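First the structure, in the form of C-alpha cells, and then the observations on it.
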Amino acid sequence: MYGLAERLFPICRSITGNGFRQSLEIISEIVPEIQIYEVPSGTEAFDWTVPKEWNIRGGWIKNLRGETIIDFNDCNLHVLGYSVPVHQTISREELLEHVYTQPEQPDWIPYVTSYYKERWGFCMSENQKLSLTDSEYEIMIDSSLEEGHLTYGELILPGETEDEIFFSTYLCHPSMANNELSGPCVQTELIKYLKALSHRRYTYRFVFIPETIGSITYLSRNLEMLQQHVKAGFVLSCVGDNRTYSMVSTKYADTLTDRVLENVLKFHYPDYIRYSFMKRASDERQYGSAGVDLPVCAFCRSKYHEYPEYHTSADNMDLISPEGLQGAYDVMVKVINALENNYFYQMLCKCEPQLGKRGLYPTVSQKGTKGDARYMQDFIAYADGRNDLIEISNIIDIPVDRLIPIKDQLLENHLLAIK
Amino acid sequence: MYGLAERLFPICRSITGNGFRQSLEIISEIVPEIQIYEVPSGTEAFDWTVPKEWNIRGGWIKNLRGETIIDFNDCNLHVLGYSVPVHQTISREELLEHVYTQPEQPDWIPYVTSYYKERWGFCMSENQKLSLTDSEYEIMIDSSLEEGHLTYGELILPGETEDEIFFSTYLCHPSMANNELSGPCVQTELIKYLKALSHRRYTYRFVFIPETIGSITYLSRNLEMLQQHVKAGFVLSCVGDNRTYSMVSTKYADTLTDRVLENVLKFHYPDYIRYSFMKRASDERQYGSAGVDLPVCAFCRSKYHEYPEYHTSADNMDLISPEGLQGAYDVMVKVINALENNYFYQMLCKCEPQLGKRGLYPTVSQKGTKGDARYMQDFIAYADGRNDLIEISNIIDIPVDRLIPIKDQLLENHLLAIK
Amino acid sequence: MYGLAERLFPICRSITGNGFRQSLEIISEIVPEIQIYEVPSGTEAFDWTVPKEWNIRGGWIKNLRGETIIDFNDCNLHVLGYSVPVHQTISREELLEHVYTQPEQPDWIPYVTSYYKERWGFCMSENQKLSLTDSEYEIMIDSSLEEGHLTYGELILPGETEDEIFFSTYLCHPSMANNELSGPCVQTELIKYLKALSHRRYTYRFVFIPETIGSITYLSRNLEMLQQHVKAGFVLSCVGDNRTYSMVSTKYADTLTDRVLENVLKFHYPDYIRYSFMKRASDERQYGSAGVDLPVCAFCRSKYHEYPEYHTSADNMDLISPEGLQGAYDVMVKVINALENNYFYQMLCKCEPQLGKRGLYPTVSQKGTKGDARYMQDFIAYADGRNDLIEISNIIDIPVDRLIPIKDQLLENHLLAIK
C-alpha cells in the first residue's frame, strides 16, 4: 500500500482534471475492474452543479531580478486550488491579497481551494510570506478552467445477495499523504482481499470520487439503488498514520455500520476515538444528509481536522507508514469478516448441550478448570435467536473473530442454526 | 414587576377572602382581560369541598398592663391562617398551646395555617415566645369564618390553534414576597408580552388561584378541556430572588414542558437545579396527579422548601429583586419562543444544499474558516423530519434562539419546510 | 435451619444414589408434602442422558505398613465423585496421576467429580500430597456405578391462581455447608412459611434436585408447563454465610424476578452484589438457556466461585450460621410478600384525595411537619395504573414493605383499586 502511495504522491489532483484521471488509471492497473465515469460540467446534481474542469501546468512568483520565490513544481500546494490563470507584475500589497498562509503553523504551506468562486491565489508558509519584502513581483499561473468533466471510478464485486457493503474514498487532493492517498491505497488493497475470497455473502461496491461534489454527483445518479441495497458503508479517509484509530458515527449512531465498527475497534484498539456526527467533514456528510440517510461511517486513523499536519505540506509521505496503512486494513478486514458472519443464531437443543461428550468441555469438574469452554457456553446462552453475532460479542465481551470458530463448531455439530 | 409586588405586599391574603379579591383587582388594572370567578363555599371539587370564606381585620396579644406584645397590623403572619375569632384573657400555659414558632430560625415569624380544622393561634418568632413570661395575657383575633366564596382569576389569549400553553400561579399567601408575589408579577408581565405579539400559534391560558384547593377547584370545572388542549404548562412559584434557577419535573419527566424548560435552562443557566416530581409541593401536585396527568412543571428561581426564608417573615421584599424577577421572565419568554417555533422541520433537497452560492457559506475552503456556518450545517443534517426544534437544539448543542434565525433563512430560501 | 444443616452434613451425597435419597427423606420429615421421583439411568433428557447411579461405602489410601493416609470416613471429599471401584497396590507415581489437590489452598481438600467419564481418584490437601513419599501405596475405593435412578423431590403449594413462583435448590454435594445445605435448609423453611399463609395469590413450586443433570431432567419433563405458568423463579444456592448478599441476573436482566430481587436487596442490603448472567454456574444456567428462557435468578449470600472456601473442605459448618441462613430467609420472605402484593394500582379519585379529613395527613400546615404522609402522597401520585408496586417502590425510593400498609389503607378507604 505504501508503494502505491509513493507512486501517486507527486501528482497534482483536484476535484476535476487530469491529475484525478491519471491517479485513477494507476489504481486501475492494480484492480482493472474499475469502471471510470466522466460527468460533463454543468450537470445538475441535486442542489449542486458539476463545475468546470480545472487543469494546471505550472505557477510561480518571481522577484523582478528573475529569482523564483515559490514554484508549483516544488510543491503543488503553492497554487490555490481552482486558480484561474494569471500572469502579471503586481505590487507587493496586491499580491498579499492573494496569498494564503496558516500563521499558527509558520513553516508549513496550507492547502486552500476556491472551487465555487473564480479566484487566483498562492499558498505559502507564513515564513515565506514574511520574506516578501520587494515592492513588486512577477506572478504566473498556467491553468485552465473550462467546460470538461468530473471523473470518478466505481468497482462492484457481486456477492451471494444484492445486499451491499459500500466503501467510498476520495482522490481529489494534491500532494498530501494521509489526507488523500491513504484512503485509496487501503481501499485498493481491500478490493484485492475481497476479489480473492471464494465466497462473498454481500455485494461490495467501491467508489473513488472527488470529495463532496463527487459524492453528491454519485448520489444523484444512484440514490434509490443505494438506499435499497446498502446495509453498511464506510468512508476511508486519513487511514495511513500510526497514532490512533477513530470513527465518525452516523447521525443517530444506531446503524449496522456503527455497530460493527465500534465492536471491532473496541477489541482491536480500546482507546479508539468515536466522534459524533457533529464532527463529520468528509463524504459521510452527504451519505448521512437528510433525505439520503445511508448507514455510512467515516473510518480514520488520526481523523482529518484533528491532527496538526492536516491540510498542509506536512501531511507528506513521512506522516504515513506501512504499519499505519496495515493497521487500518486489518480493521477493515475484521469488519468485513464480522459482517459476512453476522447472522442471528439459534440453538437447536433446549438446555445447554452436553459439550463434554463432544470433546468441547473438560470431563473433570474442579474449580478453575473451565477456561475457554466458557466462551462457548456464553455464546450458546445468547444464541437464542434474539441477537446477531455482533450483539452476542458485545454482551459476552468476546471479539467476533474468536466467536466465528465457536459458531462454526456448533454448526458442524448440528447444535446451531442460522435463523 | 417589582413595583407591582411592592403594591401587593401589605395585603393579607388567604385561600379565600377579601385579600385575595383585592390583590386580583390590582392585577386586573394592568391586564383587564382577567375574568374573575367566585365559587360558593360547600361546592364539591373532586374529593374536596370549597371551605368557608375567611376574613380578618386584626389580632393581638397584650399583657395585662395593656402593652401590645404582637399585633397583626405589624405583620399579618402573626395570626394563624384561618383562625376563628377569639377574645379572652388566658393563662400563659394555655396561650402557649396556640403559639407557633420555627425554633431553628429564632428571629423569624413562621407562616402557619389550619384551613381544614377550626383553630385559633398566633405565630411569632421563637425569641418573642421566650419573652412571654407573664402568667396571663389578653388575646384577640377579629376574624370571620363564614359561608362565602373562593375567588380565582382566569385570562385566555386566543392563538392560531386551540392547542394551549397553560400558566398557573397562586395568590393566597399573606405578606411574603418570593413565595407569593413573584409568581403573579412575572405572570402578569408575561401576559403583557403575549398580548403584544402580532401572532400567536398557541392559545395561552393563565390562572391566578389559591394554592391546592384553587387548582383542585379549577380542575374540577375544566379538566376535560385542559386534558384535550394543554400541550405544556408551568406553575410559576418563587421566581423573584436572584440566586439560582430550578424546575420540578413532571411525573415521568417526559413531556414537552420538561423538554422545553430543560432545554432553555441548560443554555441560560447550566447550573440550574432539576428537582424530581418527588419534590413537588405547589399546584403541579394536582396538575400531575393520577387521572389528571397534565404536562405541567413548576418553574422557580430558589425553589420553595429549599431556601431558608421560605414560609417565614424573612421572605420579604428584600429577598426578591428586579433582576431576579427579570431573569425568570426572560426564561419564560425564551420558553414561549421555543414553543412557538417548535415544529418538526424537513429539508427539501437531498444532500447538503450548496450554501455558498446563497452567501451562507465561505467560498474559500481552508481549515479553521467555517465558523458559524457549522451551526447551519448541523441544523440541516438533523432537519430530517424526525426531530422537533428542541430536539435538534439538544443534539447539536446550540440554543433554540440561535437556531430560529437559521431555520428562518432556510425557510426563506425554500430549502426547508415545516413537516 | 442450622439444625437441619447439622443433621444433613455428614451424609455423602452425589447427583444420584442413596445419600441424595437419605437427605431428601430427612427433609420430608419436616415438609411431608414432598413428592419424590425416581428417573431411571439411561433416560434421555434433551441433549443429555441420566447417568448410572453411584453409591459409595468407603475408600482409603494406606502405606504398605498398613497406616492410613487418608480415609473417606474422615472426610467424604477424599474420594473423587463418581469414582469407579478400585483396590490395588500401586506405585507413588501412578497414584499421583489420580490425586487431585488445590495447590493454591494447600490445607484444604478440594471437591472434584467426574460424572461423565469413568475414572477413579482421590482428593486431598496439597500438604497431604507432599507427604506421599513412599514408593508404593495400597488404595481402595468401595463404590458401585450401576444402572439405577436419579432422584429428585418436588412440592407444590396451590394458590389462588395457576401463576407460579418457582424455587429450585440442589442436594447433590457431599459434606459441604454453604454450597450445599444452606439452599435446601432455607427452602424448607420457606415451604413452612408459605404453608402457614392463610391466602396465597400464587402457586408455589419447589424442587430439590441434583445440579445440572437434575434441572435438565426436570425441565425435560415439565418445560411446557413451566414456560406457561412460572412468573418468577429463584435458585437458592450458598445462602448460609453472613458476609454479603448477591444475585445472578437473568440473561437480559429484565424479568419480574430480577425486578423483585433487586428491589428487595437494594433496600435490605444496599451493598449487595449483582452478577451478570455471564457469572451463572448453577441451575439458572439451564433455566435461562436458549429455548428454555424461564425467569430464574440465583440468590446467594457469598456467591459460589466467589468465596475462598468454595468447593473445598473449608466449606464446613463453621462457614454458615443461623444468622446467615436467617438473613437469606428474610430476603426471600420479603420477595414473596412483594410478589403477592405486586399489582398495578389505580387511584379512584382525580387530583390528590383530601387525606386530612380521613386522619391521614396533618391538619396544621407548617414547613417540616409532613413526615411519613409524604410517602402516601408519593404512592398516590404514581398509582396511576401505569406502575406495579415494585415500580412505584423504585420510583419513590421507599421499600415495598412500607408501601403495603399504605396501599391497604387506601384500599380500605375506597380511594384505590387494583387494576
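Labels for the C-alpha cells follow display order: chains A, B, ..., residues from 1 in each chain, ligands from 1.
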Write out, as JSON lines, each residue of chain A that has an atom at most 10 Å from chain B, together with the closest pair of atoms and their distance in Å to one decimal, counting only C-alpha atoms, rows going by chain and rising number.
```
{"residue": "A:Ala45", "atom": "CA", "partner": "B:Cys351", "partner_atom": "CA", "distance": 9.3}
{"residue": "A:Phe46", "atom": "CA", "partner": "B:Lys350", "partner_atom": "CA", "distance": 6.3}
{"residue": "A:Asp47", "atom": "CA", "partner": "B:Pro353", "partner_atom": "CA", "distance": 5.4}
{"residue": "A:Trp48", "atom": "CA", "partner": "B:Gln354", "partner_atom": "CA", "distance": 6.0}
{"residue": "A:Thr49", "atom": "CA", "partner": "B:Gln354", "partner_atom": "CA", "distance": 9.2}
{"residue": "A:Leu80", "atom": "CA", "partner": "B:Val364", "partner_atom": "CA", "distance": 9.5}
{"residue": "A:Gly81", "atom": "CA", "partner": "B:Ser365", "partner_atom": "CA", "distance": 9.4}
{"residue": "A:Tyr100", "atom": "CA", "partner": "B:Gln366", "partner_atom": "CA", "distance": 8.9}
{"residue": "A:Thr101", "atom": "CA", "partner": "B:Gln366", "partner_atom": "CA", "distance": 9.6}
{"residue": "A:Gln102", "atom": "CA", "partner": "B:Lys367", "partner_atom": "CA", "distance": 8.8}
{"residue": "A:Pro110", "atom": "CA", "partner": "B:Gln366", "partner_atom": "CA", "distance": 7.8}
{"residue": "A:Tyr111", "atom": "CA", "partner": "B:Gln366", "partner_atom": "CA", "distance": 6.8}
{"residue": "A:Val112", "atom": "CA", "partner": "B:Gln366", "partner_atom": "CA", "distance": 5.0}
{"residue": "A:Thr113", "atom": "CA", "partner": "B:Ser365", "partner_atom": "CA", "distance": 5.4}
{"residue": "A:Ser114", "atom": "CA", "partner": "B:Val364", "partner_atom": "CA", "distance": 4.8}
{"residue": "A:Tyr115", "atom": "CA", "partner": "B:Thr363", "partner_atom": "CA", "distance": 7.5}
{"residue": "A:Tyr116", "atom": "CA", "partner": "B:Thr363", "partner_atom": "CA", "distance": 6.4}
{"residue": "A:Lys117", "atom": "CA", "partner": "B:Thr363", "partner_atom": "CA", "distance": 6.3}
{"residue": "A:Glu118", "atom": "CA", "partner": "B:Thr363", "partner_atom": "CA", "distance": 9.5}
{"residue": "A:Arg119", "atom": "CA", "partner": "B:Val364", "partner_atom": "CA", "distance": 9.3}
{"residue": "A:Thr212", "atom": "CA", "partner": "B:Glu352", "partner_atom": "CA", "distance": 9.3}
{"residue": "A:Ile213", "atom": "CA", "partner": "B:Gln354", "partner_atom": "CA", "distance": 9.9}
{"residue": "A:Ser215", "atom": "CA", "partner": "B:Cys351", "partner_atom": "CA", "distance": 9.1}
{"residue": "A:Ile216", "atom": "CA", "partner": "B:Cys351", "partner_atom": "CA", "distance": 6.5}
{"residue": "A:Thr217", "atom": "CA", "partner": "B:Cys351", "partner_atom": "CA", "distance": 9.8}
{"residue": "A:Leu219", "atom": "CA", "partner": "B:Cys351", "partner_atom": "CA", "distance": 8.2}
{"residue": "A:Ser220", "atom": "CA", "partner": "B:Lys350", "partner_atom": "CA", "distance": 8.6}
{"residue": "A:Leu223", "atom": "CA", "partner": "B:Lys350", "partner_atom": "CA", "distance": 9.5}
{"residue": "A:Lys251", "atom": "CA", "partner": "B:Tyr382", "partner_atom": "CA", "distance": 7.7}
{"residue": "A:Tyr252", "atom": "CA", "partner": "B:Tyr382", "partner_atom": "CA", "distance": 9.4}
{"residue": "A:Ser276", "atom": "CA", "partner": "B:Ile396", "partner_atom": "CA", "distance": 9.9}
{"residue": "A:Phe277", "atom": "CA", "partner": "B:Asp378", "partner_atom": "CA", "distance": 8.9}
{"residue": "A:Met278", "atom": "CA", "partner": "B:Asp378", "partner_atom": "CA", "distance": 6.7}
{"residue": "A:Lys279", "atom": "CA", "partner": "B:Asp378", "partner_atom": "CA", "distance": 9.6}
{"residue": "A:Arg280", "atom": "CA", "partner": "B:Asp378", "partner_atom": "CA", "distance": 9.7}
{"residue": "A:Arg285", "atom": "CA", "partner": "B:Glu352", "partner_atom": "CA", "distance": 7.7}
{"residue": "A:Gln286", "atom": "CA", "partner": "B:Cys351", "partner_atom": "CA", "distance": 5.1}
{"residue": "A:Tyr287", "atom": "CA", "partner": "B:Cys351", "partner_atom": "CA", "distance": 7.4}
{"residue": "A:Gly288", "atom": "CA", "partner": "B:Ala381", "partner_atom": "CA", "distance": 7.7}
{"residue": "A:Ser289", "atom": "CA", "partner": "B:Cys351", "partner_atom": "CA", "distance": 5.2}
{"residue": "A:Ala290", "atom": "CA", "partner": "B:Asp384", "partner_atom": "CA", "distance": 4.7}
{"residue": "A:Gly291", "atom": "CA", "partner": "B:Lys350", "partner_atom": "CA", "distance": 5.1}
{"residue": "A:Val292", "atom": "CA", "partner": "B:Lys350", "partner_atom": "CA", "distance": 6.1}
{"residue": "A:Asp293", "atom": "CA", "partner": "B:Asp384", "partner_atom": "CA", "distance": 9.0}
{"residue": "A:His305", "atom": "CA", "partner": "B:Lys367", "partner_atom": "CA", "distance": 7.4}
{"residue": "A:Tyr310", "atom": "CA", "partner": "B:Lys367", "partner_atom": "CA", "distance": 8.4}
{"residue": "A:His311", "atom": "CA", "partner": "B:Lys367", "partner_atom": "CA", "distance": 7.2}
{"residue": "A:Thr312", "atom": "CA", "partner": "B:Lys367", "partner_atom": "CA", "distance": 9.5}
```
Subject >> DSSP strand (DSSP E or B) residues within region 161-273 of chain C, as a list in words >> reply: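 Selection result, strand (DSSP E or B) within region 161-273 of chain C: Glu164, Ile165, Phe166, Phe167, Ser168, Thr169, Tyr170, Thr203, Tyr204, Arg205, Phe206, Val207, Phe208, Ile209, Val230, Lys231, Ala232, Gly233, Phe234, Val235, Leu236, Ser246, Met247, Val248 and Ile273 of chain C.
Across the structure, CA of Asp107 (chain A) and CA of Phe20 (chain A) are spaced 27.7 Å apart.
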**OP:** Within 9 Å of Gln326 (chain A), counting only C-alpha atoms, which residues show up once you throw out same-chain ones fewer than 4 positions away? Write them as JSON, numbers by chain, please.
**Re:** {"A": [1, 186, 240, 321, 322, 330, 331]}
Original post:
Where does DSSP see helix (DSSP H, G or I) in region 87-216 of chain B, if you list the residues as number ranges by chain?
Top reply: B: 92-96, 126-130, 177-196, 213-216
Counting only C-alpha atoms, what is within 8 Å of Asp71 (chain C), bar same-chain residues fewer than 5 positions away, as a PDB file with N, CA, C and O atoms, in the first residue's frame?
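File produced: around29.pdb:
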```pdb
ATOM      1  N   GLY C  58     -16.899 -46.662  51.074  1.00  0.00           N
ATOM      2  CA  GLY C  58     -15.649 -46.321  51.738  1.00  0.00           C
ATOM      3  C   GLY C  58     -14.538 -46.130  50.745  1.00  0.00           C
ATOM      4  O   GLY C  58     -14.716 -46.300  49.529  1.00  0.00           O
ATOM      5  N   GLY C  59     -13.373 -45.782  51.257  1.00  0.00           N
ATOM      6  CA  GLY C  59     -12.218 -45.565  50.395  1.00  0.00           C
ATOM      7  C   GLY C  59     -11.064 -45.088  51.231  1.00  0.00           C
ATOM      8  O   GLY C  59     -11.261 -44.383  52.230  1.00  0.00           O
ATOM      9  N   TRP C  60      -9.878 -45.544  50.900  1.00  0.00           N
ATOM     10  CA  TRP C  60      -8.701 -45.086  51.660  1.00  0.00           C
ATOM     11  C   TRP C  60      -7.429 -45.299  50.874  1.00  0.00           C
ATOM     12  O   TRP C  60      -7.377 -46.009  49.879  1.00  0.00           O
ATOM     13  N   ILE C  61      -6.378 -44.624  51.349  1.00  0.00           N
ATOM     14  CA  ILE C  61      -5.016 -44.878  50.895  1.00  0.00           C
ATOM     15  C   ILE C  61      -4.224 -45.285  52.136  1.00  0.00           C
ATOM     16  O   ILE C  61      -4.288 -44.599  53.170  1.00  0.00           O
ATOM     17  N   HIS C  78     -12.667 -36.958  50.142  1.00  0.00           N
ATOM     18  CA  HIS C  78     -11.416 -37.612  49.770  1.00  0.00           C
ATOM     19  C   HIS C  78     -11.525 -38.465  48.507  1.00  0.00           C
ATOM     20  O   HIS C  78     -10.514 -38.704  47.843  1.00  0.00           O
TER      21      HIS C  78
END
```
Original post:
Excluding same-chain residues fewer than 5 positions from Glu38 (chain B), what lies within 10 Å of it counting only C-alpha atoms, as a ChimeraX atom specification?
Top reply: /B:16,21,148-153
Same residues, N, CA and C atoms, output as an mmCIF file, in the first residue's frame:
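So the final result, stored in out.cif, reads:
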```cif
data_model
loop_
_atom_site.group_PDB
_atom_site.id
_atom_site.type_symbol
_atom_site.label_atom_id
_atom_site.label_comp_id
_atom_site.auth_asym_id
_atom_site.auth_seq_id
_atom_site.Cartn_x
_atom_site.Cartn_y
_atom_site.Cartn_z
ATOM 1 N N THR B 16 -59.165 32.166 50.632
ATOM 2 C CA THR B 16 -60.424 32.840 50.295
ATOM 3 C C THR B 16 -60.381 34.225 50.932
ATOM 4 N N ARG B 21 -59.278 38.917 46.751
ATOM 5 C CA ARG B 21 -60.034 39.725 45.783
ATOM 6 C C ARG B 21 -59.349 41.047 45.483
ATOM 7 N N GLY B 148 -69.175 31.718 52.096
ATOM 8 C CA GLY B 148 -68.778 32.809 51.208
ATOM 9 C C GLY B 148 -68.332 32.226 49.893
ATOM 10 N N HIS B 149 -67.168 32.656 49.425
ATOM 11 C CA HIS B 149 -66.716 32.194 48.121
ATOM 12 C C HIS B 149 -65.214 31.966 48.093
ATOM 13 N N LEU B 150 -64.820 31.119 47.169
ATOM 14 C CA LEU B 150 -63.423 31.017 46.764
ATOM 15 C C LEU B 150 -63.313 31.794 45.456
ATOM 16 N N THR B 151 -62.328 32.657 45.363
ATOM 17 C CA THR B 151 -62.172 33.549 44.223
ATOM 18 C C THR B 151 -60.972 33.112 43.388
ATOM 19 N N TYR B 152 -61.128 33.172 42.058
ATOM 20 C CA TYR B 152 -59.923 32.998 41.237
ATOM 21 C C TYR B 152 -60.046 33.784 39.950
ATOM 22 N N GLY B 153 -58.916 34.013 39.299
ATOM 23 C CA GLY B 153 -58.904 34.759 38.044
ATOM 24 C C GLY B 153 -58.395 33.894 36.906
#
```
Original post:
Do you have the CA of Lys407 (chain C)-CA of Thr255 (chain B) distance handy?
Top reply: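 For CA of Lys407 (chain C) relative to CA of Thr255 (chain B), the distance reads 27.5 Å.
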**OP:** State, in Å with one decimal place, the distance from CA of His229 (chain A) to CA of Tyr272 (chain A).
**Re:**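 These atoms are spaced 29.1 Å apart.
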Distance table requested - region 203-265 of chain B against region 156-175 of chain B, cut-off 8 Å, only C-alpha atoms: one row per qualifying residue with the closest atom pair and its distance in Å to one decimal, ordered by chain and rising residue number, as JSON lines.
```
{"residue": "B:Thr203", "atom": "CA", "partner": "B:Gly159", "partner_atom": "CA", "distance": 4.1}
{"residue": "B:Tyr204", "atom": "CA", "partner": "B:Ile165", "partner_atom": "CA", "distance": 4.9}
{"residue": "B:Arg205", "atom": "CA", "partner": "B:Ile156", "partner_atom": "CA", "distance": 4.5}
{"residue": "B:Phe206", "atom": "CA", "partner": "B:Phe167", "partner_atom": "CA", "distance": 4.7}
{"residue": "B:Val207", "atom": "CA", "partner": "B:Ser168", "partner_atom": "CA", "distance": 4.9}
{"residue": "B:Phe208", "atom": "CA", "partner": "B:Thr169", "partner_atom": "CA", "distance": 5.2}
{"residue": "B:Ile209", "atom": "CA", "partner": "B:Tyr170", "partner_atom": "CA", "distance": 4.7}
{"residue": "B:Pro210", "atom": "CA", "partner": "B:Cys172", "partner_atom": "CA", "distance": 4.9}
{"residue": "B:Glu211", "atom": "CA", "partner": "B:Tyr170", "partner_atom": "CA", "distance": 5.4}
{"residue": "B:His229", "atom": "CA", "partner": "B:Asp163", "partner_atom": "CA", "distance": 4.8}
{"residue": "B:Val230", "atom": "CA", "partner": "B:Glu164", "partner_atom": "CA", "distance": 4.5}
{"residue": "B:Lys231", "atom": "CA", "partner": "B:Glu164", "partner_atom": "CA", "distance": 5.8}
{"residue": "B:Ala232", "atom": "CA", "partner": "B:Ile165", "partner_atom": "CA", "distance": 5.1}
{"residue": "B:Gly233", "atom": "CA", "partner": "B:Phe166", "partner_atom": "CA", "distance": 4.3}
{"residue": "B:Phe234", "atom": "CA", "partner": "B:Phe167", "partner_atom": "CA", "distance": 4.9}
{"residue": "B:Val235", "atom": "CA", "partner": "B:Ser168", "partner_atom": "CA", "distance": 4.8}
{"residue": "B:Leu236", "atom": "CA", "partner": "B:Thr169", "partner_atom": "CA", "distance": 5.2}
{"residue": "B:Ser237", "atom": "CA", "partner": "B:Thr169", "partner_atom": "CA", "distance": 6.5}
```
**OP:** Identify which of the residues A:Thr68, A:Ser135, A:Thr244, A:Ser41 lies closest to Gly324 (chain A), counting only C-alpha atoms when measuring atom-to-atom distances.
**Re:**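 Nearest to Gly324 (chain A): A:Thr244.
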Original post:
Hey, what's within 8 Å of Leu389 (chain A) if we count only C-alpha atoms and toss same-chain stuff fewer than 5 positions away? As number ranges by chain, please?
Top reply: A: 338, 341-345, 400
**OP:** Do a neighbour search on Met176 (chain A) at 10 Å with only C-alpha atoms, toss out local chain neighbours closer than 4 positions, and write the hits as a PyMOL selection string.
**Re:** chain A and resi 5+8-13+76-77+111+180-182+309-317+319
For the selection you just gave me, I'd like the residues written to a file as a PDB file, in the first residue's frame, keeping N, CA and C atoms.
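Wrote out_21.pdb, looks like this:
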```pdb
ATOM      1  N   ALA A   5       1.104   4.540  -2.686  1.00  0.00           N
ATOM      2  CA  ALA A   5       1.031   5.932  -2.234  1.00  0.00           C
ATOM      3  C   ALA A   5       2.233   6.720  -2.757  1.00  0.00           C
ATOM      4  N   LEU A   8       1.632   7.652  -6.327  1.00  0.00           N
ATOM      5  CA  LEU A   8       0.577   8.646  -6.570  1.00  0.00           C
ATOM      6  C   LEU A   8       0.924  10.019  -6.007  1.00  0.00           C
ATOM      7  N   PHE A   9       1.850  10.048  -5.039  1.00  0.00           N
ATOM      8  CA  PHE A   9       2.065  11.291  -4.298  1.00  0.00           C
ATOM      9  C   PHE A   9       2.359  12.508  -5.176  1.00  0.00           C
ATOM     10  N   PRO A  10       3.254  12.425  -6.176  1.00  0.00           N
ATOM     11  CA  PRO A  10       3.650  13.658  -6.881  1.00  0.00           C
ATOM     12  C   PRO A  10       2.564  14.294  -7.730  1.00  0.00           C
ATOM     13  N   ILE A  11       1.522  13.540  -8.057  1.00  0.00           N
ATOM     14  CA  ILE A  11       0.522  14.033  -8.998  1.00  0.00           C
ATOM     15  C   ILE A  11      -0.314  15.149  -8.381  1.00  0.00           C
ATOM     16  N   CYS A  12      -0.569  16.221  -9.149  1.00  0.00           N
ATOM     17  CA  CYS A  12      -1.439  17.292  -8.659  1.00  0.00           C
ATOM     18  C   CYS A  12      -2.886  16.976  -9.037  1.00  0.00           C
ATOM     19  N   ARG A  13      -3.643  16.553  -8.031  1.00  0.00           N
ATOM     20  CA  ARG A  13      -5.051  16.227  -8.250  1.00  0.00           C
ATOM     21  C   ARG A  13      -5.947  17.398  -7.835  1.00  0.00           C
ATOM     22  N   ASN A  76       2.980  21.291  -5.200  1.00  0.00           N
ATOM     23  CA  ASN A  76       1.770  21.702  -5.912  1.00  0.00           C
ATOM     24  C   ASN A  76       0.708  22.327  -4.998  1.00  0.00           C
ATOM     25  N   LEU A  77       0.995  22.405  -3.687  1.00  0.00           N
ATOM     26  CA  LEU A  77       0.083  23.156  -2.809  1.00  0.00           C
ATOM     27  C   LEU A  77       0.245  24.665  -2.992  1.00  0.00           C
ATOM     28  N   TYR A 111      -3.105  23.981   2.485  1.00  0.00           N
ATOM     29  CA  TYR A 111      -3.862  23.555   1.306  1.00  0.00           C
ATOM     30  C   TYR A 111      -5.167  24.328   1.295  1.00  0.00           C
ATOM     31  N   GLU A 180      -5.258  11.991   1.789  1.00  0.00           N
ATOM     32  CA  GLU A 180      -5.535  11.777   0.400  1.00  0.00           C
ATOM     33  C   GLU A 180      -5.218  10.337   0.035  1.00  0.00           C
ATOM     34  N   LEU A 181      -3.952   9.980   0.047  1.00  0.00           N
ATOM     35  CA  LEU A 181      -3.600   8.726  -0.608  1.00  0.00           C
ATOM     36  C   LEU A 181      -3.862   7.511   0.265  1.00  0.00           C
ATOM     37  N   SER A 182      -3.865   7.704   1.595  1.00  0.00           N
ATOM     38  CA  SER A 182      -4.068   6.540   2.458  1.00  0.00           C
ATOM     39  C   SER A 182      -5.394   5.852   2.144  1.00  0.00           C
ATOM     40  N   GLU A 309      -0.858  18.189  11.111  1.00  0.00           N
ATOM     41  CA  GLU A 309      -0.365  18.291   9.732  1.00  0.00           C
ATOM     42  C   GLU A 309      -1.504  18.401   8.722  1.00  0.00           C
ATOM     43  N   TYR A 310      -2.737  18.195   9.175  1.00  0.00           N
ATOM     44  CA  TYR A 310      -3.903  18.177   8.291  1.00  0.00           C
ATOM     45  C   TYR A 310      -3.946  19.409   7.373  1.00  0.00           C
ATOM     46  N   HIS A 311      -4.179  19.153   6.074  1.00  0.00           N
ATOM     47  CA  HIS A 311      -4.314  20.211   5.065  1.00  0.00           C
ATOM     48  C   HIS A 311      -3.109  21.160   5.029  1.00  0.00           C
ATOM     49  N   THR A 312      -1.916  20.563   5.182  1.00  0.00           N
ATOM     50  CA  THR A 312      -0.687  21.348   4.992  1.00  0.00           C
ATOM     51  C   THR A 312       0.331  20.462   4.276  1.00  0.00           C
ATOM     52  N   SER A 313       1.411  21.105   3.910  1.00  0.00           N
ATOM     53  CA  SER A 313       2.510  20.389   3.257  1.00  0.00           C
ATOM     54  C   SER A 313       3.172  19.383   4.192  1.00  0.00           C
ATOM     55  N   ALA A 314       2.904  19.448   5.491  1.00  0.00           N
ATOM     56  CA  ALA A 314       3.489  18.474   6.418  1.00  0.00           C
ATOM     57  C   ALA A 314       2.755  17.138   6.383  1.00  0.00           C
ATOM     58  N   ASP A 315       1.608  17.093   5.714  1.00  0.00           N
ATOM     59  CA  ASP A 315       0.926  15.807   5.515  1.00  0.00           C
ATOM     60  C   ASP A 315       1.604  15.118   4.326  1.00  0.00           C
ATOM     61  N   ASN A 316       2.812  14.666   4.575  1.00  0.00           N
ATOM     62  CA  ASN A 316       3.613  14.107   3.485  1.00  0.00           C
ATOM     63  C   ASN A 316       3.898  12.623   3.721  1.00  0.00           C
ATOM     64  N   MET A 317       4.739  12.043   2.900  1.00  0.00           N
ATOM     65  CA  MET A 317       4.959  10.593   2.964  1.00  0.00           C
ATOM     66  C   MET A 317       5.623  10.144   4.271  1.00  0.00           C
ATOM     67  N   LEU A 319       4.501  11.103   7.140  1.00  0.00           N
ATOM     68  CA  LEU A 319       3.423  11.023   8.124  1.00  0.00           C
ATOM     69  C   LEU A 319       2.767   9.647   8.108  1.00  0.00           C
TER      70      LEU A 319
END
```
